[in-house]
Amino acid sequence: MPAAPGRRRRIPIVLKLTLLVGLTLALLLAVLVTANGIFWQKMISKGAETQLRALTASRRDLVRAQIALLRQRVELNTDRGELRGFFFELTSGQLSQQNREGSAATLHRIATGKPITTAALVDLKGQIVLSTNPAEVGHSIAATPEFRAGLSGTHLGFPRDAGGHFEANLTSPIRSRTEPPQTYGVLLVTADVSDLANALRNKTGLGETGDAILGARDGDQMRFLFPSRNTPLTTIVPIAAAPVLKAATEGSAELLKIKDYRGVPVLAAGEPVGEEGWGFMVKVDAKEAYKPITVVVVLEILAGIVVTALGLGAAYILARNFTRPVRQLEQAAMRVTAGDYATAVPVKSEDDFGTLSASFNAMMAAIQMRNEERERADEAMREADRRKDEFLAMLGHELRNPLSAIANAVRLWGVAENDASATELARDVIERQTNHLSRLVDDLLDVGRITEGKIELRKQPVDVVEAISHAVEAARPFIDDRRHELEISLANEAKLYVEADPTRLEQIITNLLTNAIKYTRRAGRISIETRKESGDAVIRISDNGIGLSPRMLPHIFDLFAQGDRSLDRTTGGLGIGLHLCRKLVELHGGTVSAFSEGVGRGSTFTVRLPAVPPPEPSMLPALPAEAETNGRQRRILLVDDNQDTVQSLARLLTLRGHQVATAFDGVAALKLAQEFQPDFLLLDLGLPGLDGYELARRLRAEGFTHTPIVAISGYAQASDRARSREAGFNHHFAKPVDFDALADLIVEEPITAGEA
């Protein structure tokens, strides 16, 4: 149908398809150019490897020829009649002076022929009986490999640096001409092999980074018989670092692209020399060997850029031709920009534009779906923020409870006067609540260390049953207080061991056991079961407590997750114990899982760790010796800016019979130390004016060289302990201090400064 008058003729779709075909052809051209570049890269790479093989073979032949020449020179001299006569008369005990002098003259003639520098005769016992170097006569070489090998054939020993040149010992048997031949002794010569070294260091054909290396196996290492050209200081390398040279010493030719003993990528080819245990290798840095490939790559990149530019130009022309037909899509896009993501384009045809419209509609549906996903992610973020706020509230609750108990105990102690039972109750409350606060702080620090990857495990074979026993012992007061029934079922195996940090394994079990105790109503039932399943040590802790809801079960190991959200917080905790437990199990290469049939139906936690065989008795850690106290009284200087800490700790030490002086800042402590002359120094780190680190350094400088200095501080990270050691501290105690451990340390013999 002819076009209506006044209407512009639309560009036929055929023309547009033609442009698309043109763009496709341009892309095909780019593919062909790339394939061509890959082909030439392979050809150049193969050529470099072939050239290296040929160079290795020719250099190897040169080395063989020089070694053969040395062997021939020695073997010709072993056939001299005067040397056989010397040994014949020597063994019969009728050696004449004339024969000795004649043999000595023969040895001197041998030694004057290059490259031989010295010559000697060795009897069958390995003793040098005649030599051009008189100082060698009488020496024994029976233990040397050259002598043992020289009894059966000509042997070339390892070359050595002789101060400006290289020498090597050659040995060859001197035999009778009878059949079968009788070995009389060994001819030992020292030859100058500098020509062989120079031939290896010749860089002809090796470029700037190439090396020709002659090596031999020396025990579990590989020895370079001559220093290499580019790494002259390297003479011994592990066998694993020189696989090509290893194959050559074992009689095999090899070519590999590897990293050499320097850690540099190289192309290396090796060939056996023919000398027993010797190998020859030529290596070139891969960067130099494949340098021509770089040129090809650059050219191919340039060609790709040109082709891409042409393709982009064609695409630009094609896009301009589609401007008018896609106006409807443009208007829809503007609505989307205004925020209307529910917009859609009507599909009025089945041609390319219809397909494009359908694709646009599909895209908008996908955007709508992603918006919904983003809203769900925002909701999850709000949930995480809410859990953080709940955690802060829980933290305040968990800290205020023990602090309130401690405050009440202090008041009770103050009004108890002579009431011993009230005083004991107050003391027990303070000690119990202080330990509770310490555990809360330790759990928080452990989570932080694991998150930052700073936790350190000290693994050793650990008896699972023993770890469970320790955990049960620690939790026993809690179990008895709630009148729970505890059932322990151990594995059939006599011993079940895992490779673990003993302290962390006990922490894992204690956390799970404490969790079961807290979430099981009074007089409940708790069971601990161990067994070996599929090579794993399995620990199951079950209870008949409040259980877990299906909604809570997948999140029970999440940080700050809590099953009990009631206001009374009867079960306590910060919601980090199970999260910490899972992280510690994963650090040990294991897994932990939770199971519950529902609320009120109890729960089961299962830990799986790789089992290991029981260790030999010698591998078990030694039991710590009982601490011995000798009741010594010490002069102690205690420095801390917290007066309550100073007064209470000083009183405790005084009750132990020690004499204690106190100071509240570093400057006063320096002056008091000179007057008091203490046996022990207990220093806080965060002191006003002069901190504990600087105070320790000055005390050491002012004469307290061997006086033990102990840090007592709330700063107890690994970095803090390392810094205190550098400052001169012998020990580092974290607050609140373990007083019994500190008291035991004080009565021990003083230790040298700097030990820990």
# chains A, B, ... in the order shown; residues from 1 in each chain; ligands from 1
>>> residues_around(residues="range 519-529 of chain A", least_positions_apart="6", cutoff="7 Å", atoms="only C-alpha atoms", output="CSV table (one decimal) with all heavy atoms, in the first residue's frame")
chain,number,residue,atom,x,y,z
A,482,ARG,N,19.4,-25.6,91.6
A,482,ARG,CA,18.1,-25.7,91.0
A,482,ARG,C,17.6,-27.1,91.1
A,482,ARG,O,16.6,-27.5,90.5
A,482,ARG,CB,18.3,-25.3,89.5
A,482,ARG,CG,18.6,-23.8,89.3
A,482,ARG,CD,18.8,-23.4,87.9
A,482,ARG,NE,17.5,-23.5,87.2
A,482,ARG,CZ,16.6,-22.4,87.1
A,482,ARG,NH1,16.9,-21.3,87.7
A,482,ARG,NH2,15.5,-22.6,86.4
A,483,ARG,N,18.3,-28.0,91.8
A,483,ARG,CA,17.9,-29.4,92.1
A,483,ARG,C,17.6,-30.2,90.8
A,483,ARG,O,16.7,-30.9,90.7
A,483,ARG,CB,16.7,-29.4,93.0
A,483,ARG,CG,16.9,-28.7,94.4
A,483,ARG,CD,15.8,-29.0,95.4
A,483,ARG,NE,14.5,-28.7,94.9
A,483,ARG,CZ,14.0,-27.5,95.0
A,483,ARG,NH1,14.6,-26.5,95.5
A,483,ARG,NH2,12.7,-27.3,94.5
A,484,HIS,N,18.5,-30.0,89.8
A,484,HIS,CA,18.4,-30.7,88.6
A,484,HIS,C,18.9,-32.2,88.7
A,484,HIS,O,19.9,-32.4,89.5
A,484,HIS,CB,19.1,-30.0,87.4
A,484,HIS,CG,18.4,-28.8,87.0
A,484,HIS,ND1,17.1,-28.7,86.9
A,484,HIS,CD2,18.9,-27.6,86.6
A,484,HIS,CE1,16.7,-27.4,86.5
A,484,HIS,NE2,17.9,-26.8,86.3
A,485,GLU,N,18.4,-33.1,87.9
A,485,GLU,CA,18.9,-34.4,87.8
A,485,GLU,C,19.9,-34.5,86.6
A,485,GLU,O,19.4,-34.2,85.5
A,485,GLU,CB,17.8,-35.4,87.7
A,485,GLU,CG,18.3,-36.9,87.5
A,485,GLU,CD,17.2,-37.8,87.2
A,485,GLU,OE1,16.0,-37.4,87.4
A,485,GLU,OE2,17.4,-38.9,86.7
A,486,LEU,N,21.1,-34.8,86.8
A,486,LEU,CA,22.1,-34.8,85.7
A,486,LEU,C,22.5,-36.3,85.4
A,486,LEU,O,22.9,-37.0,86.3
A,486,LEU,CB,23.4,-34.0,86.1
A,486,LEU,CG,24.5,-34.0,85.0
A,486,LEU,CD1,24.0,-33.4,83.7
A,486,LEU,CD2,25.7,-33.3,85.5
A,487,GLU,N,22.3,-36.6,84.2
A,487,GLU,CA,22.7,-38.0,83.7
A,487,GLU,C,23.8,-37.9,82.7
A,487,GLU,O,23.7,-37.1,81.7
A,487,GLU,CB,21.5,-38.7,83.1
A,487,GLU,CG,21.8,-40.1,82.6
A,487,GLU,CD,20.6,-40.7,81.9
A,487,GLU,OE1,19.5,-40.2,82.0
A,487,GLU,OE2,20.7,-41.8,81.2
A,488,ILE,N,24.9,-38.6,82.9
A,488,ILE,CA,26.0,-38.6,82.0
A,488,ILE,C,26.2,-40.0,81.4
A,488,ILE,O,26.4,-41.0,82.1
A,488,ILE,CB,27.3,-38.1,82.7
A,488,ILE,CG1,27.1,-36.7,83.3
A,488,ILE,CG2,28.5,-38.1,81.7
A,488,ILE,CD1,28.3,-36.3,84.1
A,489,SER,N,26.2,-40.0,80.0
A,489,SER,CA,26.4,-41.3,79.3
A,489,SER,C,27.6,-41.2,78.4
A,489,SER,O,27.6,-40.4,77.5
A,489,SER,CB,25.1,-41.6,78.4
A,489,SER,OG,25.4,-42.8,77.6
A,490,LEU,N,28.7,-41.9,78.7
A,490,LEU,CA,29.9,-41.8,78.0
A,490,LEU,C,30.1,-42.8,76.9
A,490,LEU,O,29.4,-43.8,76.8
A,490,LEU,CB,31.1,-42.0,79.0
A,490,LEU,CG,31.1,-41.1,80.2
A,490,LEU,CD1,32.3,-41.3,81.1
A,490,LEU,CD2,31.1,-39.6,79.8
A,539,ILE,N,29.1,-34.7,71.1
A,539,ILE,CA,28.7,-34.4,72.5
A,539,ILE,C,27.2,-33.9,72.4
A,539,ILE,O,27.0,-32.9,71.7
A,539,ILE,CB,29.6,-33.3,73.1
A,539,ILE,CG1,31.1,-33.8,73.0
A,539,ILE,CG2,29.2,-33.0,74.5
A,539,ILE,CD1,32.0,-32.7,73.4
A,540,ARG,N,26.3,-34.5,73.1
A,540,ARG,CA,24.9,-34.1,73.1
A,540,ARG,C,24.5,-33.7,74.5
A,540,ARG,O,24.7,-34.5,75.4
A,540,ARG,CB,24.0,-35.2,72.5
A,540,ARG,CG,24.1,-35.4,71.0
A,540,ARG,CD,22.9,-36.3,70.5
A,540,ARG,NE,23.0,-36.5,69.1
A,540,ARG,CZ,23.7,-37.5,68.5
A,540,ARG,NH1,24.3,-38.3,69.2
A,540,ARG,NH2,23.7,-37.5,67.2
A,541,ILE,N,23.9,-32.5,74.6
A,541,ILE,CA,23.4,-32.0,75.9
A,541,ILE,C,21.9,-31.8,75.7
A,541,ILE,O,21.5,-30.9,74.9
A,541,ILE,CB,24.2,-30.7,76.3
A,541,ILE,CG1,25.7,-31.0,76.5
A,541,ILE,CG2,23.6,-30.2,77.6
A,541,ILE,CD1,26.5,-29.8,76.9
A,542,SER,N,21.1,-32.6,76.4
A,542,SER,CA,19.7,-32.5,76.3
A,542,SER,C,19.0,-32.1,77.6
A,542,SER,O,19.6,-32.3,78.7
A,542,SER,CB,19.1,-33.9,75.8
A,542,SER,OG,19.7,-34.3,74.6
A,543,ASP,N,17.8,-31.5,77.5
A,543,ASP,CA,17.1,-31.1,78.7
A,543,ASP,C,15.6,-31.3,78.5
A,543,ASP,O,15.2,-31.4,77.3
A,543,ASP,CB,17.5,-29.7,79.2
A,543,ASP,CG,17.1,-28.7,78.1
A,543,ASP,OD1,15.9,-28.5,77.9
A,543,ASP,OD2,18.0,-28.1,77.5
A,544,ASN,N,14.8,-31.2,79.5
A,544,ASN,CA,13.4,-31.2,79.4
A,544,ASN,C,12.8,-29.9,79.8
A,544,ASN,O,11.7,-29.8,80.4
A,544,ASN,CB,12.7,-32.4,80.2
A,544,ASN,CG,13.0,-32.2,81.7
A,544,ASN,OD1,13.8,-31.4,82.1
A,544,ASN,ND2,12.3,-32.9,82.5
A,545,GLY,N,13.5,-28.8,79.4
A,545,GLY,CA,13.1,-27.5,79.8
A,545,GLY,C,12.1,-26.8,78.9
A,545,GLY,O,11.3,-27.5,78.3
A,546,ILE,N,12.2,-25.5,78.7
A,546,ILE,CA,11.1,-24.8,78.1
A,546,ILE,C,11.1,-25.0,76.6
A,546,ILE,O,10.2,-24.6,75.9
A,546,ILE,CB,11.3,-23.3,78.4
A,546,ILE,CG1,12.6,-22.7,77.8
A,546,ILE,CG2,11.2,-23.0,79.9
A,546,ILE,CD1,12.7,-21.2,78.0
A,571,THR,N,16.0,-15.9,83.4
A,571,THR,CA,17.1,-16.8,83.0
A,571,THR,C,18.4,-16.0,82.8
A,571,THR,O,19.5,-16.6,82.7
A,571,THR,CB,16.8,-17.4,81.6
A,571,THR,OG1,16.4,-16.4,80.7
A,571,THR,CG2,15.6,-18.4,81.8
>>> residues_around(residues="Tyr290 in chain A", least_positions_apart="6", cutoff="8 Å", atoms="only C-alpha atoms", output="list in words")
Ile44, Ser45 and Ala48 of chain A
>>> write_last_selection(atoms="N, CA, C and O atoms", output="compact mmCIF listing (two decimals), in the first residue's frame")
# COMPACT_ATOMS: atom_id res chain seq x y z
N ILE A 44 54.36 -18.95 19.83
CA ILE A 44 55.55 -18.33 20.42
C ILE A 44 55.95 -19.08 21.69
O ILE A 44 57.14 -19.31 21.95
N SER A 45 54.95 -19.45 22.49
CA SER A 45 55.24 -20.19 23.72
C SER A 45 55.92 -21.52 23.40
O SER A 45 56.91 -21.89 24.03
N ALA A 48 59.51 -20.94 22.33
CA ALA A 48 60.40 -20.64 23.45
C ALA A 48 60.78 -21.92 24.19
O ALA A 48 61.94 -22.11 24.59
>>> select_by_dssp(residues="range 500-539 of chain A", states="strand (DSSP E)", output="VMD selection string")
chain A and resid 500 525 to 533 536 to 539
>>> residues_around(residues="Asn198 in chain A", least_positions_apart="2", cutoff="10 Å", atoms="only C-alpha atoms", output="count of residues only")
12
>>> residues_around(residues="Leu83 in chain A", least_positions_apart="4", cutoff="10 Å", atoms="only C-alpha atoms", output="list in words")
Asn77, Thr78, Asp79, Phe87, Phe88, Asn99, Arg100, Gly102, Ser103, Ala104, Thr106, Leu107, Leu121, Ile174, Arg175, Tyr184, Gly185, Val186 and Leu187 of chain A
>>> write_last_selection(atoms="N, CA, C and O atoms", output="mmCIF file, in the first residue's frame")
data_model
loop_
_atom_site.group_PDB
_atom_site.id
_atom_site.type_symbol
_atom_site.label_atom_id
_atom_site.label_comp_id
_atom_site.auth_asym_id
_atom_site.auth_seq_id
_atom_site.Cartn_x
_atom_site.Cartn_y
_atom_site.Cartn_z
ATOM 1 N N ASN A 77 96.232 -42.207 33.836
ATOM 2 C CA ASN A 77 97.328 -42.235 34.803
ATOM 3 C C ASN A 77 97.256 -43.433 35.738
ATOM 4 O O ASN A 77 98.268 -43.816 36.335
ATOM 5 N N THR A 78 96.051 -44.035 35.890
ATOM 6 C CA THR A 78 95.965 -45.205 36.779
ATOM 7 C C THR A 78 96.613 -46.440 36.152
ATOM 8 O O THR A 78 96.833 -47.438 36.846
ATOM 9 N N ASP A 79 96.949 -46.369 34.873
ATOM 10 C CA ASP A 79 97.534 -47.532 34.181
ATOM 11 C C ASP A 79 99.056 -47.502 34.182
ATOM 12 O O ASP A 79 99.694 -48.307 33.520
ATOM 13 N N PHE A 87 102.444 -49.945 44.792
ATOM 14 C CA PHE A 87 101.500 -50.592 45.691
ATOM 15 C C PHE A 87 101.879 -52.052 45.927
ATOM 16 O O PHE A 87 101.688 -52.582 47.033
ATOM 17 N N PHE A 88 102.453 -52.726 44.901
ATOM 18 C CA PHE A 88 102.829 -54.141 45.057
ATOM 19 C C PHE A 88 103.903 -54.291 46.117
ATOM 20 O O PHE A 88 103.828 -55.137 47.011
ATOM 21 N N ASN A 99 111.920 -46.979 44.358
ATOM 22 C CA ASN A 99 110.547 -47.058 43.844
ATOM 23 C C ASN A 99 109.700 -45.920 44.401
ATOM 24 O O ASN A 99 108.875 -45.338 43.711
ATOM 25 N N ARG A 100 109.908 -45.580 45.710
ATOM 26 C CA ARG A 100 109.149 -44.475 46.298
ATOM 27 C C ARG A 100 109.445 -43.179 45.565
ATOM 28 O O ARG A 100 108.532 -42.408 45.238
ATOM 29 N N GLY A 102 110.632 -42.842 42.532
ATOM 30 C CA GLY A 102 110.122 -42.887 41.164
ATOM 31 C C GLY A 102 108.622 -42.631 41.107
ATOM 32 O O GLY A 102 108.121 -41.911 40.234
ATOM 33 N N SER A 103 107.881 -43.222 42.065
ATOM 34 C CA SER A 103 106.437 -43.012 42.107
ATOM 35 C C SER A 103 106.109 -41.566 42.433
ATOM 36 O O SER A 103 105.158 -40.977 41.889
ATOM 37 N N ALA A 104 106.912 -40.954 43.346
ATOM 38 C CA ALA A 104 106.687 -39.542 43.680
ATOM 39 C C ALA A 104 106.916 -38.666 42.465
ATOM 40 O O ALA A 104 106.175 -37.703 42.214
ATOM 41 N N THR A 106 106.493 -39.572 39.408
ATOM 42 C CA THR A 106 105.350 -39.784 38.509
ATOM 43 C C THR A 106 104.158 -38.945 38.946
ATOM 44 O O THR A 106 103.473 -38.327 38.119
ATOM 45 N N LEU A 107 103.897 -38.926 40.273
ATOM 46 C CA LEU A 107 102.789 -38.111 40.766
ATOM 47 C C LEU A 107 103.006 -36.644 40.439
ATOM 48 O O LEU A 107 102.060 -35.921 40.094
ATOM 49 N N LEU A 121 98.448 -41.081 46.261
ATOM 50 C CA LEU A 121 98.121 -42.495 46.254
ATOM 51 C C LEU A 121 97.522 -42.849 47.603
ATOM 52 O O LEU A 121 98.040 -42.447 48.656
ATOM 53 N N ILE A 174 93.517 -48.244 41.081
ATOM 54 C CA ILE A 174 94.737 -48.763 40.438
ATOM 55 C C ILE A 174 94.680 -50.277 40.585
ATOM 56 O O ILE A 174 94.681 -50.802 41.706
ATOM 57 N N ARG A 175 94.577 -50.972 39.454
ATOM 58 C CA ARG A 175 94.353 -52.416 39.467
ATOM 59 C C ARG A 175 95.499 -53.151 38.760
ATOM 60 O O ARG A 175 96.236 -52.585 37.938
ATOM 61 N N TYR A 184 94.732 -52.486 43.893
ATOM 62 C CA TYR A 184 95.851 -52.212 44.802
ATOM 63 C C TYR A 184 95.581 -50.996 45.677
ATOM 64 O O TYR A 184 95.978 -50.942 46.834
ATOM 65 N N GLY A 185 94.949 -50.004 45.112
ATOM 66 C CA GLY A 185 94.737 -48.750 45.833
ATOM 67 C C GLY A 185 93.961 -47.776 44.959
ATOM 68 O O GLY A 185 93.341 -48.172 43.970
ATOM 69 N N VAL A 186 94.026 -46.505 45.305
ATOM 70 C CA VAL A 186 93.250 -45.472 44.622
ATOM 71 C C VAL A 186 94.158 -44.302 44.289
ATOM 72 O O VAL A 186 94.984 -43.881 45.125
ATOM 73 N N LEU A 187 94.019 -43.799 43.072
ATOM 74 C CA LEU A 187 94.693 -42.560 42.680
ATOM 75 C C LEU A 187 93.738 -41.400 42.962
ATOM 76 O O LEU A 187 92.614 -41.371 42.461
#
>>> residues_around(residues="Thr235 in chain A", least_positions_apart="3", cutoff="8 Å", atoms="only C-alpha atoms", output="PyMOL selection string")
chain A and resi 223-227+232
>>> closest_residue(among="A:Phe158, A:Phe676, A:Tyr693, A:Tyr715", to="Leu170 in chain A", atoms="only C-alpha atoms")
A:Phe158
>>> residues_around(residues="Thr56 in chain A", least_positions_apart="4", cutoff="10 Å", atoms="only C-alpha atoms", output="list of chain:residue names")
A:Thr50, A:Gln51, A:Leu52, A:Arg60, A:Asp61, A:Leu62, A:Ala212, A:Ala268, A:Ala269, A:Gly270, A:Glu271, A:Phe280, A:Met281, A:Val282, A:Lys283
>>> write_last_selection(atoms="N, CA and C atoms", output="mmCIF file, in the first residue's frame")
data_model
loop_
_atom_site.group_PDB
_atom_site.id
_atom_site.type_symbol
_atom_site.label_atom_id
_atom_site.label_comp_id
_atom_site.auth_asym_id
_atom_site.auth_seq_id
_atom_site.Cartn_x
_atom_site.Cartn_y
_atom_site.Cartn_z
ATOM 1 N N THR A 50 60.808 -25.023 22.906
ATOM 2 C CA THR A 50 61.687 -25.822 22.046
ATOM 3 C C THR A 50 63.108 -25.278 22.074
ATOM 4 N N GLN A 51 63.240 -23.956 22.016
ATOM 5 C CA GLN A 51 64.566 -23.339 22.048
ATOM 6 C C GLN A 51 65.278 -23.636 23.372
ATOM 7 N N LEU A 52 64.501 -23.600 24.486
ATOM 8 C CA LEU A 52 65.119 -23.865 25.780
ATOM 9 C C LEU A 52 65.570 -25.323 25.870
ATOM 10 N N ARG A 60 74.299 -29.258 28.125
ATOM 11 C CA ARG A 60 74.517 -30.531 28.811
ATOM 12 C C ARG A 60 75.640 -31.324 28.144
ATOM 13 N N ASP A 61 75.656 -31.323 26.811
ATOM 14 C CA ASP A 61 76.712 -32.038 26.089
ATOM 15 C C ASP A 61 78.083 -31.435 26.374
ATOM 16 N N LEU A 62 78.145 -30.082 26.498
ATOM 17 C CA LEU A 62 79.409 -29.426 26.826
ATOM 18 C C LEU A 62 79.892 -29.860 28.210
ATOM 19 N N ALA A 212 72.365 -21.495 33.905
ATOM 20 C CA ALA A 212 72.672 -22.898 33.674
ATOM 21 C C ALA A 212 73.218 -23.453 34.980
ATOM 22 N N ALA A 268 61.812 -23.813 32.948
ATOM 23 C CA ALA A 268 63.009 -24.576 33.287
ATOM 24 C C ALA A 268 63.005 -25.907 32.552
ATOM 25 N N ALA A 269 64.193 -26.289 32.022
ATOM 26 C CA ALA A 269 64.376 -27.568 31.347
ATOM 27 C C ALA A 269 65.573 -28.270 31.966
ATOM 28 N N GLY A 270 65.441 -29.577 32.211
ATOM 29 C CA GLY A 270 66.512 -30.329 32.836
ATOM 30 C C GLY A 270 66.890 -31.554 32.023
ATOM 31 N N GLU A 271 68.174 -31.954 32.132
ATOM 32 C CA GLU A 271 68.687 -33.126 31.437
ATOM 33 C C GLU A 271 69.636 -33.863 32.381
ATOM 34 N N PHE A 280 71.486 -31.522 35.235
ATOM 35 C CA PHE A 280 71.776 -30.224 34.635
ATOM 36 C C PHE A 280 70.450 -29.545 34.300
ATOM 37 N N MET A 281 70.378 -28.241 34.549
ATOM 38 C CA MET A 281 69.138 -27.494 34.337
ATOM 39 C C MET A 281 69.463 -26.130 33.766
ATOM 40 N N VAL A 282 68.624 -25.681 32.835
ATOM 41 C CA VAL A 282 68.672 -24.307 32.326
ATOM 42 C C VAL A 282 67.311 -23.694 32.609
ATOM 43 N N LYS A 283 67.329 -22.510 33.234
ATOM 44 C CA LYS A 283 66.073 -21.836 33.541
ATOM 45 C C LYS A 283 66.161 -20.383 33.116
#
>>> closest_residue(among="A:Lys259, A:Arg608, A:Ile468, A:Asp285", to="Glu533 in chain A", atoms="only C-alpha atoms")
A:Arg608
>>> select_by_dssp(residues="range 408-560 of chain A", states="alpha helix (DSSP H)", output="PyMOL selection string")
chain A and resi 408-416+420-451+464-481+502-518
>>> closest_residue(among="A:Met364, A:Pro181, A:Glu499, A:Val244", to="Arg335 in chain A", atoms="only C-alpha atoms")
A:Met364
>>> residues_around(residues="Val189 in chain A", least_positions_apart="4", cutoff="7 Å", atoms="only C-alpha atoms", output="tab-separated table (two decimals) with all heavy atoms, in the first residue's frame")
chain	number	residue	atom	x	y	z
A	116	ILE	N	94.97	-30.81	36.41
A	116	ILE	CA	95.27	-31.45	37.69
A	116	ILE	C	96.28	-30.60	38.44
A	116	ILE	O	97.29	-30.14	37.87
A	116	ILE	CB	95.80	-32.87	37.46
A	116	ILE	CG1	94.71	-33.73	36.77
A	116	ILE	CG2	96.23	-33.51	38.77
A	116	ILE	CD1	95.17	-35.10	36.39
A	118	THR	N	97.08	-31.41	42.14
A	118	THR	CA	97.76	-32.29	43.10
A	118	THR	C	97.36	-33.72	42.80
A	118	THR	O	96.31	-33.98	42.20
A	118	THR	CB	97.38	-31.97	44.56
A	118	THR	OG1	95.99	-32.19	44.74
A	118	THR	CG2	97.71	-30.53	44.92
A	119	ALA	N	98.27	-34.67	43.22
A	119	ALA	CA	97.99	-36.08	43.03
A	119	ALA	C	98.48	-36.84	44.25
A	119	ALA	O	99.45	-36.44	44.89
A	119	ALA	CB	98.66	-36.61	41.76
A	120	ALA	N	97.78	-37.94	44.58
A	120	ALA	CA	98.15	-38.72	45.75
A	120	ALA	C	97.74	-40.16	45.54
A	120	ALA	O	96.84	-40.46	44.75
A	120	ALA	CB	97.47	-38.16	47.01
A	169	ASN	N	87.80	-33.17	43.58
A	169	ASN	CA	88.60	-34.39	43.74
A	169	ASN	C	88.08	-35.47	42.81
A	169	ASN	O	86.88	-35.68	42.69
A	169	ASN	CB	88.54	-34.90	45.18
A	169	ASN	CG	89.30	-34.00	46.13
A	169	ASN	OD1	90.22	-33.29	45.72
A	169	ASN	ND2	88.95	-34.03	47.41
A	170	LEU	N	89.03	-36.17	42.15
A	170	LEU	CA	88.69	-37.31	41.31
A	170	LEU	C	89.44	-38.51	41.85
A	170	LEU	O	90.63	-38.40	42.23
A	170	LEU	CB	89.07	-37.10	39.84
A	170	LEU	CG	88.20	-36.10	39.06
A	170	LEU	CD1	88.80	-34.72	39.14
A	170	LEU	CD2	88.06	-36.55	37.61
A	171	THR	N	88.78	-39.64	41.93
A	171	THR	CA	89.41	-40.88	42.38
A	171	THR	C	89.18	-41.97	41.35
A	171	THR	O	88.15	-42.01	40.69
A	171	THR	CB	88.82	-41.33	43.74
A	171	THR	OG1	87.39	-41.39	43.63
A	171	THR	CG2	89.17	-40.34	44.85
>>> atom_distance(atom1="CA of Ala594 in chain A", atom2="CA of Val607 in chain A")
9.2 Å
>>> closest_residue(among="A:Ala743, A:Ala35, A:Val667, A:Leu267", to="Arg634 in chain A", atoms="only C-alpha atoms")
A:Ala743
>>> decode(residues="range 81-116 of chain A", atoms="C-alpha atoms", output="PDB file, in the first residue's frame")
ATOM      1  CA  GLY A  81     103.300 -49.468  35.838  1.00  0.00           C
ATOM      2  CA  GLU A  82     105.357 -47.592  38.426  1.00  0.00           C
ATOM      3  CA  LEU A  83     102.190 -46.862  40.447  1.00  0.00           C
ATOM      4  CA  ARG A  84     101.157 -50.531  40.397  1.00  0.00           C
ATOM      5  CA  GLY A  85     104.692 -51.484  41.370  1.00  0.00           C
ATOM      6  CA  PHE A  86     104.618 -49.005  44.237  1.00  0.00           C
ATOM      7  CA  PHE A  87     101.500 -50.592  45.691  1.00  0.00           C
ATOM      8  CA  PHE A  88     102.829 -54.141  45.057  1.00  0.00           C
ATOM      9  CA  GLU A  89     106.004 -53.476  47.010  1.00  0.00           C
ATOM     10  CA  LEU A  90     104.082 -51.515  49.658  1.00  0.00           C
ATOM     11  CA  THR A  91     101.725 -54.439  50.375  1.00  0.00           C
ATOM     12  CA  SER A  92     104.608 -56.951  50.438  1.00  0.00           C
ATOM     13  CA  GLY A  93     106.591 -54.794  52.851  1.00  0.00           C
ATOM     14  CA  GLN A  94     109.557 -54.442  50.420  1.00  0.00           C
ATOM     15  CA  LEU A  95     109.088 -50.862  49.214  1.00  0.00           C
ATOM     16  CA  SER A  96     112.453 -49.529  48.082  1.00  0.00           C
ATOM     17  CA  GLN A  97     113.525 -45.922  48.293  1.00  0.00           C
ATOM     18  CA  GLN A  98     114.097 -45.924  44.564  1.00  0.00           C
ATOM     19  CA  ASN A  99     110.547 -47.058  43.844  1.00  0.00           C
ATOM     20  CA  ARG A 100     109.149 -44.475  46.298  1.00  0.00           C
ATOM     21  CA  GLU A 101     111.110 -41.678  44.624  1.00  0.00           C
ATOM     22  CA  GLY A 102     110.122 -42.887  41.164  1.00  0.00           C
ATOM     23  CA  SER A 103     106.437 -43.012  42.107  1.00  0.00           C
ATOM     24  CA  ALA A 104     106.687 -39.542  43.680  1.00  0.00           C
ATOM     25  CA  ALA A 105     108.197 -38.211  40.475  1.00  0.00           C
ATOM     26  CA  THR A 106     105.350 -39.784  38.509  1.00  0.00           C
ATOM     27  CA  LEU A 107     102.789 -38.111  40.766  1.00  0.00           C
ATOM     28  CA  HIS A 108     104.524 -34.740  40.242  1.00  0.00           C
ATOM     29  CA  ARG A 109     104.376 -35.223  36.479  1.00  0.00           C
ATOM     30  CA  ILE A 110     100.661 -36.011  36.776  1.00  0.00           C
ATOM     31  CA  ALA A 111     100.114 -32.867  38.877  1.00  0.00           C
ATOM     32  CA  THR A 112     101.886 -30.625  36.364  1.00  0.00           C
ATOM     33  CA  GLY A 113      99.418 -31.477  33.602  1.00  0.00           C
ATOM     34  CA  LYS A 114      96.473 -29.093  33.588  1.00  0.00           C
ATOM     35  CA  PRO A 115      93.859 -29.099  34.959  1.00  0.00           C
ATOM     36  CA  ILE A 116      95.274 -31.445  37.686  1.00  0.00           C
TER      37      ILE A 116
END
